[in-house]
>>> print(open('query-v6.cif').read())   # mmCIF, C-alpha atoms
data_entry
#
loop_
_atom_site.group_PDB
_atom_site.id
_atom_site.type_symbol
_atom_site.label_atom_id
_atom_site.label_comp_id
_atom_site.auth_asym_id
_atom_site.auth_seq_id
_atom_site.Cartn_x
_atom_site.Cartn_y
_atom_site.Cartn_z
ATOM 1 C CA ASP Q 1 0.000 0.000 0.000
ATOM 2 C CA ASN Q 2 1.022 3.586 -0.473
ATOM 3 C CA LEU Q 3 2.157 5.616 2.518
ATOM 4 C CA PRO Q 4 -0.628 7.538 4.249
ATOM 5 C CA LYS Q 5 -1.017 11.091 2.909
ATOM 6 C CA GLU Q 6 -0.168 12.655 6.289
ATOM 7 C CA ILE Q 7 3.233 10.930 6.143
ATOM 8 C CA SER Q 8 3.801 11.568 2.414
ATOM 9 C CA ARG Q 9 3.238 15.311 2.887
ATOM 10 C CA GLU Q 10 6.155 15.450 5.359
ATOM 11 C CA LEU Q 11 8.656 13.817 2.995
ATOM 12 C CA PRO Q 12 11.065 15.793 0.784
ATOM 13 C CA LEU Q 13 10.035 16.525 -2.804
ATOM 14 C CA HIS Q 14 12.650 14.152 -4.218
ATOM 15 C CA PHE Q 15 11.320 11.223 -2.156
ATOM 16 C CA ILE Q 16 10.329 8.307 -4.400
ATOM 17 C CA GLN Q 17 8.004 5.582 -3.205
ATOM 18 C CA LYS Q 18 8.384 2.239 -4.972
ATOM 19 C CA LYS Q 19 6.087 -0.672 -4.295
ATOM 20 C CA ILE Q 20 7.646 -4.148 -4.279
ATOM 21 C CA HIS Q 21 5.544 -7.255 -3.778
ATOM 22 C CA ARG Q 22 5.971 -8.951 -0.431
ATOM 23 C CA LYS Q 23 6.346 -12.540 -1.582
ATOM 24 C CA GLY Q 24 10.006 -13.105 -2.372
ATOM 25 C CA PHE Q 25 10.797 -9.507 -1.409
ATOM 26 C CA MET Q 26 14.404 -10.062 -0.271
ATOM 27 C CA LYS Q 27 15.300 -12.797 -2.760
ATOM 28 C CA PHE Q 28 13.725 -11.407 -5.912
ATOM 29 C CA GLY Q 29 11.729 -8.177 -5.609
ATOM 30 C CA LEU Q 30 14.394 -5.985 -4.050
ATOM 31 C CA PRO Q 31 17.351 -7.298 -6.112
ATOM 32 C CA LEU Q 32 15.337 -6.803 -9.334
ATOM 33 C CA ALA Q 33 14.558 -3.234 -8.276
ATOM 34 C CA PHE Q 34 18.283 -2.646 -7.736
ATOM 35 C CA LEU Q 35 19.021 -3.673 -11.325
ATOM 36 C CA GLY Q 36 17.123 -0.588 -12.446
ATOM 37 C CA LYS Q 37 18.536 1.846 -9.907
ATOM 38 C CA LYS Q 38 20.809 0.947 -7.059
ATOM 39 C CA PRO Q 39 20.995 3.100 -3.933
ATOM 40 C CA ASP Q 40 24.179 4.721 -2.682
ATOM 41 C CA VAL Q 41 23.519 3.254 0.765
ATOM 42 C CA PHE Q 42 21.060 0.572 1.853
ATOM 43 C CA LEU Q 43 19.765 0.608 5.439
ATOM 44 C CA ALA Q 44 19.083 -2.949 6.583
ATOM 45 C CA LEU Q 45 16.751 -1.990 9.427
ATOM 46 C CA SER Q 46 15.268 -5.404 10.174
ATOM 47 C CA GLN Q 47 18.373 -7.598 10.470
ATOM 48 C CA VAL Q 48 18.225 -8.721 6.865
ATOM 49 C CA MET Q 49 19.820 -7.657 3.600
ATOM 50 C CA PRO Q 50 19.422 -9.040 0.089
ATOM 51 C CA LEU Q 51 22.004 -11.457 -1.286
ATOM 52 C CA TYR Q 52 22.509 -9.121 -4.235
ATOM 53 C CA HIS Q 53 23.803 -5.865 -2.775
ATOM 54 C CA PRO Q 54 26.056 -3.845 -5.105
ATOM 55 C CA PHE Q 55 26.126 -0.924 -2.656
ATOM 56 C CA LYS Q 56 27.174 0.033 0.854
ATOM 57 C CA THR Q 57 24.933 -1.486 3.510
ATOM 58 C CA ILE Q 58 24.454 -0.309 7.079
ATOM 59 C CA GLY Q 59 22.924 -3.108 9.119
ATOM 60 C CA PHE Q 60 20.975 -2.882 12.357
ATOM 61 C CA ILE Q 61 20.989 -5.807 14.806
ATOM 62 C CA HIS Q 62 18.276 -5.496 17.445
ATOM 63 C CA GLY Q 63 18.747 -8.801 19.230
ATOM 64 C CA LEU Q 64 20.192 -12.299 19.068
ATOM 65 C CA ASP Q 65 17.515 -14.231 20.956
ATOM 66 C CA PHE Q 66 16.882 -16.934 18.362
ATOM 67 C CA VAL Q 67 15.125 -19.360 20.671
ATOM 68 C CA PRO Q 68 12.936 -21.860 18.750
ATOM 69 C CA GLU Q 69 9.871 -21.806 21.002
ATOM 70 C CA TYR Q 70 9.488 -18.056 20.435
ATOM 71 C CA HIS Q 71 9.270 -18.376 16.656
ATOM 72 C CA THR Q 72 7.109 -21.436 16.038
ATOM 73 C CA VAL Q 73 4.329 -19.771 14.034
ATOM 74 C CA ASP Q 74 6.198 -19.237 10.781
ATOM 75 C CA ASN Q 75 9.563 -20.921 11.374
ATOM 76 C CA SER Q 76 11.119 -17.457 11.381
ATOM 77 C CA MET Q 77 13.789 -18.368 13.933
ATOM 78 C CA SER Q 78 16.092 -20.153 11.494
ATOM 79 C CA SER Q 79 15.569 -17.391 8.911
ATOM 80 C CA LEU Q 80 16.356 -14.730 11.492
ATOM 81 C CA GLU Q 81 19.565 -16.482 12.523
ATOM 82 C CA LYS Q 82 20.639 -17.049 8.903
ATOM 83 C CA ASN Q 83 19.802 -13.471 7.859
ATOM 84 C CA THR Q 84 21.613 -11.989 10.863
ATOM 85 C CA ARG Q 85 24.715 -14.095 10.225
ATOM 86 C CA TYR Q 86 24.766 -12.934 6.587
ATOM 87 C CA LEU Q 87 24.217 -9.302 7.600
ATOM 88 C CA ALA Q 88 26.998 -9.431 10.214
ATOM 89 C CA LYS Q 89 29.402 -10.811 7.629
ATOM 90 C CA HIS Q 90 28.515 -8.581 4.654
ATOM 91 C CA ALA Q 91 27.260 -5.216 5.912
ATOM 92 C CA ARG Q 92 29.813 -2.441 5.663
ATOM 93 C CA GLU Q 93 28.755 -1.056 9.076
ATOM 94 C CA LEU Q 94 26.758 -2.576 11.922
ATOM 95 C CA ILE Q 95 24.716 -0.690 14.489
ATOM 96 C CA THR Q 96 23.215 -2.273 17.561
ATOM 97 C CA THR Q 97 21.408 -1.212 20.719
ATOM 98 C CA SER Q 98 23.767 -1.996 23.594
ATOM 99 C CA ARG Q 99 27.331 -2.756 24.575
ATOM 100 C CA PHE Q 100 26.162 -6.219 25.623
ATOM 101 C CA LEU Q 101 24.974 -6.910 22.066
ATOM 102 C CA VAL Q 102 28.282 -5.597 20.716
ATOM 103 C CA SER Q 103 30.093 -8.245 22.760
ATOM 104 C CA GLN Q 104 27.625 -10.940 21.650
ATOM 105 C CA ILE Q 105 27.973 -10.018 17.972
ATOM 106 C CA LYS Q 106 31.760 -10.004 18.238
ATOM 107 C CA GLU Q 107 31.743 -13.400 19.900
ATOM 108 C CA ARG Q 108 29.146 -15.065 17.676
ATOM 109 C CA TYR Q 109 30.006 -13.561 14.291
ATOM 110 C CA LYS Q 110 33.664 -12.544 14.779
ATOM 111 C CA ARG Q 111 32.808 -8.986 13.741
ATOM 112 C CA GLU Q 112 34.877 -6.135 15.181
ATOM 113 C CA SER Q 113 33.505 -2.847 13.812
ATOM 114 C CA ILE Q 114 30.163 -2.199 15.528
ATOM 115 C CA VAL Q 115 28.506 1.044 16.577
ATOM 116 C CA ALA Q 116 26.512 1.118 19.822
ATOM 117 C CA PRO Q 117 24.385 2.192 21.471
ATOM 118 C CA LEU Q 118 21.729 3.828 19.362
ATOM 119 C CA GLY Q 119 21.232 7.491 20.127
ATOM 120 C CA VAL Q 120 18.763 10.282 19.558
ATOM 121 C CA ALA Q 121 19.896 13.571 18.080
ATOM 122 C CA SER Q 122 19.091 16.714 20.026
ATOM 123 C CA PHE Q 123 16.887 18.090 17.243
ATOM 124 C CA PHE Q 124 14.232 15.477 18.016
ATOM 125 C CA THR Q 125 11.626 17.040 20.250
ATOM 126 C CA PRO Q 126 8.529 15.496 21.742
ATOM 127 C CA GLU Q 127 5.319 16.014 19.854
ATOM 128 C CA GLY Q 128 1.828 15.676 21.177
ATOM 129 C CA GLU Q 129 0.803 15.635 24.786
ATOM 130 C CA ILE Q 130 3.400 15.169 27.505
ATOM 131 C CA PHE Q 131 2.762 12.101 29.628
ATOM 132 C CA LEU Q 132 2.017 13.154 33.179
ATOM 133 C CA HIS Q 133 1.723 10.566 35.900
ATOM 134 C CA THR Q 134 1.410 11.243 39.602
ATOM 135 C CA ASN Q 135 3.211 8.124 40.860
ATOM 136 C CA PRO Q 136 6.861 7.350 40.175
ATOM 137 C CA TYR Q 137 7.103 4.461 37.736
ATOM 138 C CA PHE Q 138 9.252 1.873 36.037
ATOM 139 C CA LEU Q 139 9.078 1.626 32.259
ATOM 140 C CA PHE Q 140 9.725 -1.363 30.008
ATOM 141 C CA VAL Q 141 9.731 -0.787 26.241
ATOM 142 C CA GLY Q 142 10.216 -3.760 23.944
ATOM 143 C CA SER Q 143 8.596 -6.842 22.549
ATOM 144 C CA LEU Q 144 6.489 -8.805 25.028
ATOM 145 C CA LYS Q 145 7.829 -12.122 23.756
ATOM 146 C CA PRO Q 146 9.030 -14.903 26.078
ATOM 147 C CA SER Q 147 12.748 -14.198 25.561
ATOM 148 C CA LYS Q 148 12.328 -10.815 27.281
ATOM 149 C CA ASN Q 149 11.352 -12.625 30.510
ATOM 150 C CA ILE Q 150 8.634 -10.138 31.452
ATOM 151 C CA PRO Q 151 7.063 -12.494 34.058
ATOM 152 C CA THR Q 152 10.291 -12.280 36.110
ATOM 153 C CA LEU Q 153 10.197 -8.491 35.813
ATOM 154 C CA ILE Q 154 6.594 -8.500 37.054
ATOM 155 C CA ARG Q 155 7.401 -10.815 39.982
ATOM 156 C CA ALA Q 156 10.408 -8.661 40.938
ATOM 157 C CA PHE Q 157 8.257 -5.537 40.755
ATOM 158 C CA SER Q 158 5.632 -7.182 42.953
ATOM 159 C CA GLN Q 159 8.318 -8.008 45.554
ATOM 160 C CA PHE Q 160 9.666 -4.460 45.343
ATOM 161 C CA LEU Q 161 6.204 -3.031 46.087
ATOM 162 C CA LYS Q 162 6.009 -5.075 49.290
ATOM 163 C CA THR Q 163 9.107 -3.324 50.662
ATOM 164 C CA SER Q 164 8.590 0.157 49.223
ATOM 165 C CA GLU Q 165 6.988 2.913 51.234
ATOM 166 C CA THR Q 166 6.113 4.748 48.013
ATOM 167 C CA LEU Q 167 3.546 3.518 45.498
ATOM 168 C CA TYR Q 168 5.195 2.848 42.131
ATOM 169 C CA ASP Q 169 3.643 1.798 38.844
ATOM 170 C CA LEU Q 170 5.042 -0.464 36.142
ATOM 171 C CA PHE Q 171 4.371 0.320 32.481
ATOM 172 C CA LEU Q 172 4.917 -2.349 29.830
ATOM 173 C CA ILE Q 173 4.981 -0.951 26.299
ATOM 174 C CA GLY Q 174 5.587 -3.250 23.373
ATOM 175 C CA SER Q 175 4.416 -5.438 20.567
ATOM 176 C CA SER Q 176 2.123 -8.352 21.271
ATOM 177 C CA GLN Q 177 3.628 -10.404 18.449
ATOM 178 C CA TRP Q 178 4.844 -13.668 20.023
ATOM 179 C CA LEU Q 179 3.100 -12.530 23.225
ATOM 180 C CA ASP Q 180 4.291 -14.445 26.273
ATOM 181 C CA PRO Q 181 1.179 -16.088 27.786
ATOM 182 C CA GLU Q 182 2.905 -16.167 31.194
ATOM 183 C CA ILE Q 183 2.685 -12.363 31.498
ATOM 184 C CA GLU Q 184 -0.993 -12.348 32.423
ATOM 185 C CA LYS Q 185 -0.452 -15.182 34.914
ATOM 186 C CA ALA Q 186 2.388 -13.242 36.602
ATOM 187 C CA ILE Q 187 0.188 -10.128 36.834
ATOM 188 C CA VAL Q 188 -2.608 -12.086 38.507
ATOM 189 C CA GLU Q 189 -0.248 -13.950 40.869
ATOM 190 C CA GLY Q 190 1.472 -10.707 41.820
ATOM 191 C CA GLU Q 191 -1.940 -9.117 42.490
ATOM 192 C CA LEU Q 192 -1.053 -6.252 40.155
ATOM 193 C CA SER Q 193 -4.208 -6.176 38.047
#
>>> encode(input="query-v6.cif", output="structure tokens")
Amino acid sequence: DNLPKEISRELPLHFIQKKIHRKGFMKFGLPLAFLGKKPDVFLALSQVMPLYHPFKTIGFIHGLDFVPEYHTVDNSMSSLEKNTRYLAKHARELITTSRFLVSQIKERYKRESIVAPLGVASFFTPEGEIFLHTNPYFLFVGSLKPSKNIPTLIRAFSQFLKTSETLYDLFLIGSSQWLDPEIEKAIVEGELS
């Protein structure tokens, strides 16, 4: 689908939107598009890059938690591991989110040049309403999949509340794809609902 008009209006005049079919996107669609016009730099934002890449690639690695039980729906675990290995070997630059992941990437893929952690430039400013909350709070932002071990976080938070003289809140913000079913159980057991 085309980008929503409210997003398109914000893009520069020279922005070109090209639609590539989803099926076979990385193997066929994207490489065929590059035959016509190749980019100066390709941003591999989702831990995958095409096999045909006659250009500089900057790869982003967001995690290495390729645990089979978390990716049973579409057998994406083996693809994710294979794509990440290829990206780590062939991308000109790698960017990741933490120093821990830098060490993991170096160990697993024998890659030395890695930029971390991600940062936010000072020209980004908040838009919309500012979040105001009366209680102090803890914030988790990330996928709510089993590898993130959110139930342990919830149990630890529940124990913390029992010893704290101040009322704190816990906010979980993230995608429900591969949602850990144990999260709701931990909330109920911790009497946090």
>>> residues_near_point(input="query-v6.cif", point="(23.5, 4.2, 0.7)", cutoff="7 Å", atoms="only C-alpha atoms", output="PyMOL selection string")
chain Q and resi 39-42+55-57
>>> closest_atom_pairs(input="query-v6.cif", of="segment 27-52 of chain Q", to="segment 87-107 of chain Q", cutoff="10 Å", atoms="only C-alpha atoms", output="CSV")
residue,atom,partner,partner_atom,distance
Q:Val41,CA,Q:Arg92,CA,9.8
Q:Phe42,CA,Q:Ala91,CA,9.4
Q:Leu43,CA,Q:Ala91,CA,9.5
Q:Ala44,CA,Q:Leu87,CA,8.2
Q:Leu45,CA,Q:Ile95,CA,9.5
Q:Gln47,CA,Q:Leu87,CA,6.7
Q:Val48,CA,Q:Leu87,CA,6.1
Q:Met49,CA,Q:Leu87,CA,6.2
Q:Pro50,CA,Q:Leu87,CA,8.9
Q:Leu51,CA,Q:His90,CA,9.3
>>> write_last_selection(input="query-v6.cif", atoms="C-alpha atoms", output="PDB file, in the coordinates of the input")
ATOM      1  CA  VAL Q  41      23.519   3.254   0.765  1.00  0.00           C
ATOM      2  CA  PHE Q  42      21.060   0.572   1.853  1.00  0.00           C
ATOM      3  CA  LEU Q  43      19.765   0.608   5.439  1.00  0.00           C
ATOM      4  CA  ALA Q  44      19.083  -2.949   6.583  1.00  0.00           C
ATOM      5  CA  LEU Q  45      16.751  -1.990   9.427  1.00  0.00           C
ATOM      6  CA  GLN Q  47      18.373  -7.598  10.470  1.00  0.00           C
ATOM      7  CA  VAL Q  48      18.225  -8.721   6.865  1.00  0.00           C
ATOM      8  CA  MET Q  49      19.820  -7.657   3.600  1.00  0.00           C
ATOM      9  CA  PRO Q  50      19.422  -9.040   0.089  1.00  0.00           C
ATOM     10  CA  LEU Q  51      22.004 -11.457  -1.286  1.00  0.00           C
TER      11      LEU Q  51
END
>>> closest_residue(input="query-v6.cif", among="Q:Thr152, Q:Ser147, Q:Gln159, Q:Asn135", to="Phe66 of chain Q", atoms="all atoms listed in the file")
Q:Ser147
>>> closest_residue(input="query-v6.cif", among="Q:Val188, Q:Leu161, Q:Leu30, Q:Leu170", to="His133 of chain Q", atoms="only C-alpha atoms")
Q:Leu170
>>> residues_around(input="query-v6.cif", residues="Leu167 of chain Q", least_positions_apart="3", cutoff="10 Å", atoms="all atoms listed in the file", output="ChimeraX atom specification")
/Q:134-137,161-162,164
>>> resolve_selection(input="query-v6.cif", expression="the PyMOL selection byres ((chain Q and resi 181) around 10)", output="list in words")
Leu144, Lys145, Pro146, Pro151, Trp178, Leu179, Asp180, Glu182, Ile183, Glu184, Lys185 and Ala186 of chain Q
>>> resolve_selection(input="query-v6.cif", expression="the PyMOL selection byres ((chain Q and resi 143) around 8)", output="list of chain:residue names")
Q:Val141, Q:Gly142, Q:Leu144, Q:Lys145, Q:Lys148, Q:Ile173, Q:Gly174, Q:Ser175, Q:Ser176, Q:Gln177, Q:Leu179
>>> atom_distance(input="query-v6.cif", atom1="atom CA of Asp65 of chain Q", atom2="atom CA of Ser78 of chain Q")
11.3 Å
>>> atom_distance(input="query-v6.cif", atom1="atom CA of Gln17 of chain Q", atom2="atom CA of Lys82 of chain Q")
28.6 Å
>>> closest_residue(input="query-v6.cif", among="Q:Ile150, Q:Leu13, Q:Ile61, Q:Met26", to="Arg85 of chain Q", atoms="only C-alpha atoms")
Q:Ile61
>>> atom_distance(input="query-v6.cif", atom1="atom CA of Glu129 of chain Q", atom2="atom CA of Ser8 of chain Q")
22.9 Å
>>> axis_aligned_box(input="query-v6.cif", around="segment 92-99 of chain Q", padding_each_side="4 Å", output="AutoDock Vina command-line options")
--center_x 25.6 --center_y -1.7 --center_z 15.1 --size_x 16.4 --size_y 10.1 --size_z 26.9
>>> residues_around(input="query-v6.cif", residues="Leu3 of chain Q", least_positions_apart="2", cutoff="12 Å", atoms="all atoms listed in the file", output="ChimeraX atom specification")
/Q:1,5-11,15-19
>>> write_last_selection(input="query-v6.cif", atoms="C-alpha atoms", output="CSV table (one decimal), keeping the file's coordinate frame")
chain,number,residue,atom,x,y,z
Q,1,ASP,CA,0.0,0.0,0.0
Q,5,LYS,CA,-1.0,11.1,2.9
Q,6,GLU,CA,-0.2,12.7,6.3
Q,7,ILE,CA,3.2,10.9,6.1
Q,8,SER,CA,3.8,11.6,2.4
Q,9,ARG,CA,3.2,15.3,2.9
Q,10,GLU,CA,6.2,15.4,5.4
Q,11,LEU,CA,8.7,13.8,3.0
Q,15,PHE,CA,11.3,11.2,-2.2
Q,16,ILE,CA,10.3,8.3,-4.4
Q,17,GLN,CA,8.0,5.6,-3.2
Q,18,LYS,CA,8.4,2.2,-5.0
Q,19,LYS,CA,6.1,-0.7,-4.3
>>> build_atoms(input="query-v6.cif", residues="segment 49-69 of chain Q", atoms="N, CA, C and O atoms", output="PDB file, in the coordinates of the input")
ATOM      1  N   MET Q  49      19.437  -8.379   4.805  1.00  0.00           N
ATOM      2  CA  MET Q  49      19.820  -7.657   3.600  1.00  0.00           C
ATOM      3  C   MET Q  49      19.754  -8.633   2.433  1.00  0.00           C
ATOM      4  O   MET Q  49      19.909  -9.843   2.618  1.00  0.00           O
ATOM      5  N   PRO Q  50      19.513  -8.133   1.232  1.00  0.00           N
ATOM      6  CA  PRO Q  50      19.422  -9.040   0.089  1.00  0.00           C
ATOM      7  C   PRO Q  50      20.789  -9.637  -0.259  1.00  0.00           C
ATOM      8  O   PRO Q  50      21.824  -9.048   0.019  1.00  0.00           O
ATOM      9  N   LEU Q  51      20.757 -10.823  -0.875  1.00  0.00           N
ATOM     10  CA  LEU Q  51      22.004 -11.457  -1.286  1.00  0.00           C
ATOM     11  C   LEU Q  51      22.708 -10.607  -2.334  1.00  0.00           C
ATOM     12  O   LEU Q  51      23.933 -10.497  -2.334  1.00  0.00           O
ATOM     13  N   TYR Q  52      21.951 -10.018  -3.231  1.00  0.00           N
ATOM     14  CA  TYR Q  52      22.509  -9.121  -4.235  1.00  0.00           C
ATOM     15  C   TYR Q  52      22.511  -7.720  -3.644  1.00  0.00           C
ATOM     16  O   TYR Q  52      21.462  -7.141  -3.399  1.00  0.00           O
ATOM     17  N   HIS Q  53      23.697  -7.182  -3.401  1.00  0.00           N
ATOM     18  CA  HIS Q  53      23.803  -5.865  -2.775  1.00  0.00           C
ATOM     19  C   HIS Q  53      25.026  -5.112  -3.310  1.00  0.00           C
ATOM     20  O   HIS Q  53      26.047  -5.012  -2.631  1.00  0.00           O
ATOM     21  N   PRO Q  54      24.922  -4.573  -4.519  1.00  0.00           N
ATOM     22  CA  PRO Q  54      26.056  -3.845  -5.105  1.00  0.00           C
ATOM     23  C   PRO Q  54      26.128  -2.402  -4.595  1.00  0.00           C
ATOM     24  O   PRO Q  54      26.116  -1.447  -5.358  1.00  0.00           O
ATOM     25  N   PHE Q  55      26.141  -2.244  -3.281  1.00  0.00           N
ATOM     26  CA  PHE Q  55      26.126  -0.924  -2.656  1.00  0.00           C
ATOM     27  C   PHE Q  55      26.571  -1.073  -1.216  1.00  0.00           C
ATOM     28  O   PHE Q  55      26.675  -2.188  -0.702  1.00  0.00           O
ATOM     29  N   LYS Q  56      26.827   0.049  -0.567  1.00  0.00           N
ATOM     30  CA  LYS Q  56      27.174   0.033   0.854  1.00  0.00           C
ATOM     31  C   LYS Q  56      25.917  -0.295   1.652  1.00  0.00           C
ATOM     32  O   LYS Q  56      24.845   0.236   1.368  1.00  0.00           O
ATOM     33  N   THR Q  57      26.063  -1.139   2.651  1.00  0.00           N
ATOM     34  CA  THR Q  57      24.933  -1.486   3.510  1.00  0.00           C
ATOM     35  C   THR Q  57      25.285  -1.178   4.956  1.00  0.00           C
ATOM     36  O   THR Q  57      26.367  -1.527   5.426  1.00  0.00           O
ATOM     37  N   ILE Q  58      24.348  -0.516   5.637  1.00  0.00           N
ATOM     38  CA  ILE Q  58      24.454  -0.309   7.079  1.00  0.00           C
ATOM     39  C   ILE Q  58      23.398  -1.205   7.707  1.00  0.00           C
ATOM     40  O   ILE Q  58      22.208  -1.067   7.419  1.00  0.00           O
ATOM     41  N   GLY Q  59      23.839  -2.140   8.523  1.00  0.00           N
ATOM     42  CA  GLY Q  59      22.924  -3.108   9.119  1.00  0.00           C
ATOM     43  C   GLY Q  59      22.638  -2.807  10.572  1.00  0.00           C
ATOM     44  O   GLY Q  59      23.518  -2.360  11.312  1.00  0.00           O
ATOM     45  N   PHE Q  60      21.402  -3.062  10.970  1.00  0.00           N
ATOM     46  CA  PHE Q  60      20.975  -2.882  12.357  1.00  0.00           C
ATOM     47  C   PHE Q  60      20.669  -4.252  12.946  1.00  0.00           C
ATOM     48  O   PHE Q  60      19.905  -5.017  12.369  1.00  0.00           O
ATOM     49  N   ILE Q  61      21.275  -4.559  14.095  1.00  0.00           N
ATOM     50  CA  ILE Q  61      20.989  -5.807  14.806  1.00  0.00           C
ATOM     51  C   ILE Q  61      20.329  -5.439  16.129  1.00  0.00           C
ATOM     52  O   ILE Q  61      20.923  -4.778  16.964  1.00  0.00           O
ATOM     53  N   HIS Q  62      19.085  -5.870  16.279  1.00  0.00           N
ATOM     54  CA  HIS Q  62      18.276  -5.496  17.445  1.00  0.00           C
ATOM     55  C   HIS Q  62      18.307  -6.540  18.550  1.00  0.00           C
ATOM     56  O   HIS Q  62      17.939  -6.253  19.682  1.00  0.00           O
ATOM     57  N   GLY Q  63      18.707  -7.748  18.222  1.00  0.00           N
ATOM     58  CA  GLY Q  63      18.747  -8.801  19.230  1.00  0.00           C
ATOM     59  C   GLY Q  63      19.267 -10.095  18.638  1.00  0.00           C
ATOM     60  O   GLY Q  63      19.293 -10.268  17.414  1.00  0.00           O
ATOM     61  N   LEU Q  64      19.675 -11.001  19.503  1.00  0.00           N
ATOM     62  CA  LEU Q  64      20.192 -12.299  19.068  1.00  0.00           C
ATOM     63  C   LEU Q  64      19.469 -13.439  19.767  1.00  0.00           C
ATOM     64  O   LEU Q  64      20.023 -14.527  19.913  1.00  0.00           O
ATOM     65  N   ASP Q  65      18.248 -13.214  20.201  1.00  0.00           N
ATOM     66  CA  ASP Q  65      17.515 -14.231  20.956  1.00  0.00           C
ATOM     67  C   ASP Q  65      16.737 -15.137  20.006  1.00  0.00           C
ATOM     68  O   ASP Q  65      15.532 -15.073  19.894  1.00  0.00           O
ATOM     69  N   PHE Q  66      17.477 -16.020  19.326  1.00  0.00           N
ATOM     70  CA  PHE Q  66      16.882 -16.934  18.362  1.00  0.00           C
ATOM     71  C   PHE Q  66      16.507 -18.237  19.055  1.00  0.00           C
ATOM     72  O   PHE Q  66      17.114 -19.270  18.838  1.00  0.00           O
ATOM     73  N   VAL Q  67      15.530 -18.186  19.906  1.00  0.00           N
ATOM     74  CA  VAL Q  67      15.125 -19.360  20.671  1.00  0.00           C
ATOM     75  C   VAL Q  67      13.911 -19.970  19.976  1.00  0.00           C
ATOM     76  O   VAL Q  67      12.909 -19.288  19.764  1.00  0.00           O
ATOM     77  N   PRO Q  68      13.970 -21.261  19.600  1.00  0.00           N
ATOM     78  CA  PRO Q  68      12.936 -21.860  18.750  1.00  0.00           C
ATOM     79  C   PRO Q  68      11.506 -21.693  19.244  1.00  0.00           C
ATOM     80  O   PRO Q  68      10.623 -21.397  18.459  1.00  0.00           O
ATOM     81  N   GLU Q  69      11.256 -21.862  20.532  1.00  0.00           N
ATOM     82  CA  GLU Q  69       9.871 -21.806  21.002  1.00  0.00           C
ATOM     83  C   GLU Q  69       9.235 -20.428  20.839  1.00  0.00           C
ATOM     84  O   GLU Q  69       8.035 -20.271  20.926  1.00  0.00           O
TER      85      GLU Q  69
END
